[in-house]
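Enquirer: Would you mind keeping the following structure in view while I ask a few things?
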Amino acid sequence: MDYDKLADVYARTRGLSPIVLDELRTHWSGTPDSRVLEVGCGTGDYLVELVDSVKCLGWGVDPSAKMLQHAPAHENIRFAEGTAEKFPFEDSVFDLIFSVNVIHHVIETADYFGEAMGYLKPGGMICTVTDTPRIIRDRKPLTHYWPGTALADLVRYPEISKLSEQMGSEGFVDIEEHEISAPIQIDDPSSYKEKAYSCLHLISEDEFVEGLRCLEDDLKAGPVQGIIEFVCIWGTAPLHRAI
Ligand SMILES: C[S@@+](CC[C@H](N)C(=O)[O-])C[C@H]1O[C@@H](n2cnc3c(N)ncnc32)[C@H](O)[C@@H]1O
């Protein structure tokens, strides 16, 4: 997926999900001395909120220069082009490395966990926010109006058990999965109409047009009730590492 082409519409129509920030703040004890890296930070929404609430330092990495252009200038955050598989740093260390809605774009997920382990302090944490097959099937509005997006994403998203196993192989301990969810209300179809979701680029134009027609029809009767759900996979770098 070419996020340089999606960047303008992404920045204009998509925002963050507060439940993800709550999860990060609940399960990671950041302090003003903490150093946080968001991998696949895109327009930087999550990183900015987390850094501002903890008052710590942040780094954001993304391969799309156009997504990064939409990230705000921030005195405590540095944004840089880079990928999950190869961070653009020489010798930084972090207390938390996290990604949101990114792991399905990463081809070599084991390489990502290996890279992250090398950049975490002992006791540092990693969090991968993604979707399970059940979450993909139950997505509303996406799967409800465009069932083909679920078929495509069931193939595209890595299995959670595979990710956990890879984390274990790279040495992460205390690996846990938490599911989070919240109701959402859709009253503006713009992000769907403008295909701000990468999965809407994976279905036929006929299916896209028909799904949008149904959504816009339903919106004539009032806001459409939906749901936002994620699984958050946590792991910790061990305090003592074998050399
Ligand atoms: C759905 S967006 C999520 C952006 C941001 N995390 C958010 O939730 O708003 C996916 C992001 O992953 C980035 N991405 C794609 N391939 C990547 C890779 N191999 N490593 C790191 N980021 C990648 C894209 O450029 C894009 O910004």
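Residue numbering restarts at 1 for every chain of the structure tokens, chains are lettered A, B, ... in their displayed order, and ligands are numbered from 1 as they appear.
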Which residues are near A:Val51? Cut-off 10 Å, only C-alpha atoms, ignore same chain within fewer than 5 positions. Put them as a count of residues only.

Expert: 14

Enquirer: Report as a Markdown table the residues of chain A within 7 Å of ligand 1, each with its shortest atom pair and distance in Å (one decimal), using only C-alpha atoms and all ligand atoms, ordered by chain and increasing residue number.

Expert:
```
| residue | atom | partner | partner_atom_place_in_ligand_line | distance |
| --- | --- | --- | --- | --- |
| A:Tyr3 | CA | ligand 1 | 25 (O) | 5.0 |
| A:Gly15 | CA | ligand 1 | 9 (O) | 6.8 |
| A:Leu16 | CA | ligand 1 | 9 (O) | 6.2 |
| A:Val39 | CA | ligand 1 | 21 (C) | 5.5 |
| A:Gly40 | CA | ligand 1 | 22 (N) | 3.4 |
| A:Cys41 | CA | ligand 1 | 6 (N) | 4.2 |
| A:Gly42 | CA | ligand 1 | 27 (O) | 3.5 |
| A:Thr43 | CA | ligand 1 | 9 (O) | 6.2 |
| A:Gly44 | CA | ligand 1 | 5 (C) | 6.6 |
| A:Asp45 | CA | ligand 1 | 9 (O) | 6.0 |
| A:Tyr46 | CA | ligand 1 | 9 (O) | 6.7 |
| A:Val61 | CA | ligand 1 | 21 (C) | 6.9 |
| A:Asp62 | CA | ligand 1 | 22 (N) | 4.7 |
| A:Pro63 | CA | ligand 1 | 25 (O) | 5.1 |
| A:Ser64 | CA | ligand 1 | 25 (O) | 4.5 |
| A:Met67 | CA | ligand 1 | 27 (O) | 5.8 |
| A:Gly82 | CA | ligand 1 | 21 (C) | 6.7 |
| A:Thr83 | CA | ligand 1 | 20 (N) | 3.6 |
| A:Ala84 | CA | ligand 1 | 20 (N) | 3.8 |
| A:Glu85 | CA | ligand 1 | 19 (N) | 6.4 |
| A:Ser99 | CA | ligand 1 | 6 (N) | 5.9 |
| A:Val100 | CA | ligand 1 | 6 (N) | 4.4 |
| A:Asn101 | CA | ligand 1 | 1 (C) | 4.9 |
| A:Val102 | CA | ligand 1 | 12 (O) | 4.4 |
| A:His105 | CA | ligand 1 | 16 (N) | 4.6 |
| A:Val106 | CA | ligand 1 | 19 (N) | 4.2 |
| A:Ile107 | CA | ligand 1 | 19 (N) | 6.6 |
```

Enquirer: For those residues, write C-alpha atoms to a file as a tab-separated table (two decimals), in the first residue's frame.

Expert:
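So the final result, stored in out.tsv, reads:
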```tsv
chain	number	residue	atom	x	y	z
A	3	TYR	CA	0.77	5.61	1.98
A	15	GLY	CA	-8.15	10.35	13.92
A	16	LEU	CA	-6.99	8.31	16.87
A	39	VAL	CA	6.82	2.43	14.60
A	40	GLY	CA	4.63	3.25	11.59
A	41	CYS	CA	3.60	6.47	13.33
A	42	GLY	CA	2.03	7.92	10.17
A	43	THR	CA	0.69	11.37	10.98
A	44	GLY	CA	1.87	11.01	14.60
A	45	ASP	CA	-1.51	11.27	16.36
A	46	TYR	CA	-0.90	8.57	18.98
A	61	VAL	CA	9.36	6.24	12.40
A	62	ASP	CA	7.45	5.70	9.15
A	63	PRO	CA	8.47	4.80	5.58
A	64	SER	CA	6.04	7.33	4.07
A	67	MET	CA	2.50	10.73	6.12
A	82	GLY	CA	12.39	4.25	8.45
A	83	THR	CA	10.69	0.87	8.65
A	84	ALA	CA	9.79	-1.65	11.33
A	85	GLU	CA	12.43	-4.01	10.00
A	99	SER	CA	2.74	0.28	16.69
A	100	VAL	CA	-0.93	0.77	15.83
A	101	ASN	CA	-2.51	-0.67	12.69
A	102	VAL	CA	0.89	-1.33	11.13
A	105	HIS	CA	2.09	-3.97	6.39
A	106	VAL	CA	5.31	-5.45	7.78
A	107	ILE	CA	6.60	-8.26	5.59
```

Enquirer: For atom CA of A:Trp146 and atom CA of A:Lys5, quote the distance in Å rounded to one decimal.

Expert: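 Interatomic distance here is 21.6 Å.
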
Enquirer: Atom CA of A:Phe87 to atom CA of A:Val48: how many Å, to one decimal?

Expert: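 Answer for the atom CA of A:Phe87 to atom CA of A:Val48 separation: 19.2 Å.
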
Enquirer: One decimal, in Å: what's the spacing between atom CA of A:His104 and atom CA of A:Ala11?

Expert: 19.9 Å

Enquirer: Enumerate as a VMD selection string all residues of stretch 80-241 of chain A assigned to strand (DSSP E) by DSSP on the backbone, naming them with the chain letters and numbers the document uses.

Expert: chain A and resid 80 to 81 94 to 100 120 to 130 173 to 186 224 to 236

Enquirer: Based on DSSP run over this structure's backbone, return all residues of stretch 3-243 of chain A in helix (DSSP H, G or I), as a ChimeraX atom specification.

Expert: /A:3-13,18-27,45-54,65-69,103-105,109-119,133-138,142-145,147-156,160-169,190-193,198-201,205-220

Enquirer: Once you count only C-alpha atoms, what closest atom pair and distance in Å to one decimal does each residue of stretch 171-216 of chain A within 10 Å of stretch 233-236 of chain A have, with rows by chain and rising residue number, as a Markdown table?

Expert:
```
| residue | atom | partner | partner_atom | distance |
| --- | --- | --- | --- | --- |
| A:Gly171 | CA | A:Thr236 | CA | 8.7 |
| A:Phe172 | CA | A:Thr236 | CA | 5.3 |
| A:Val173 | CA | A:Thr236 | CA | 5.2 |
| A:Asp174 | CA | A:Gly235 | CA | 5.6 |
| A:Ile175 | CA | A:Gly235 | CA | 4.4 |
| A:Glu176 | CA | A:Trp234 | CA | 5.2 |
| A:Glu177 | CA | A:Ile233 | CA | 4.6 |
| A:His178 | CA | A:Ile233 | CA | 6.6 |
| A:Glu179 | CA | A:Ile233 | CA | 8.9 |
```
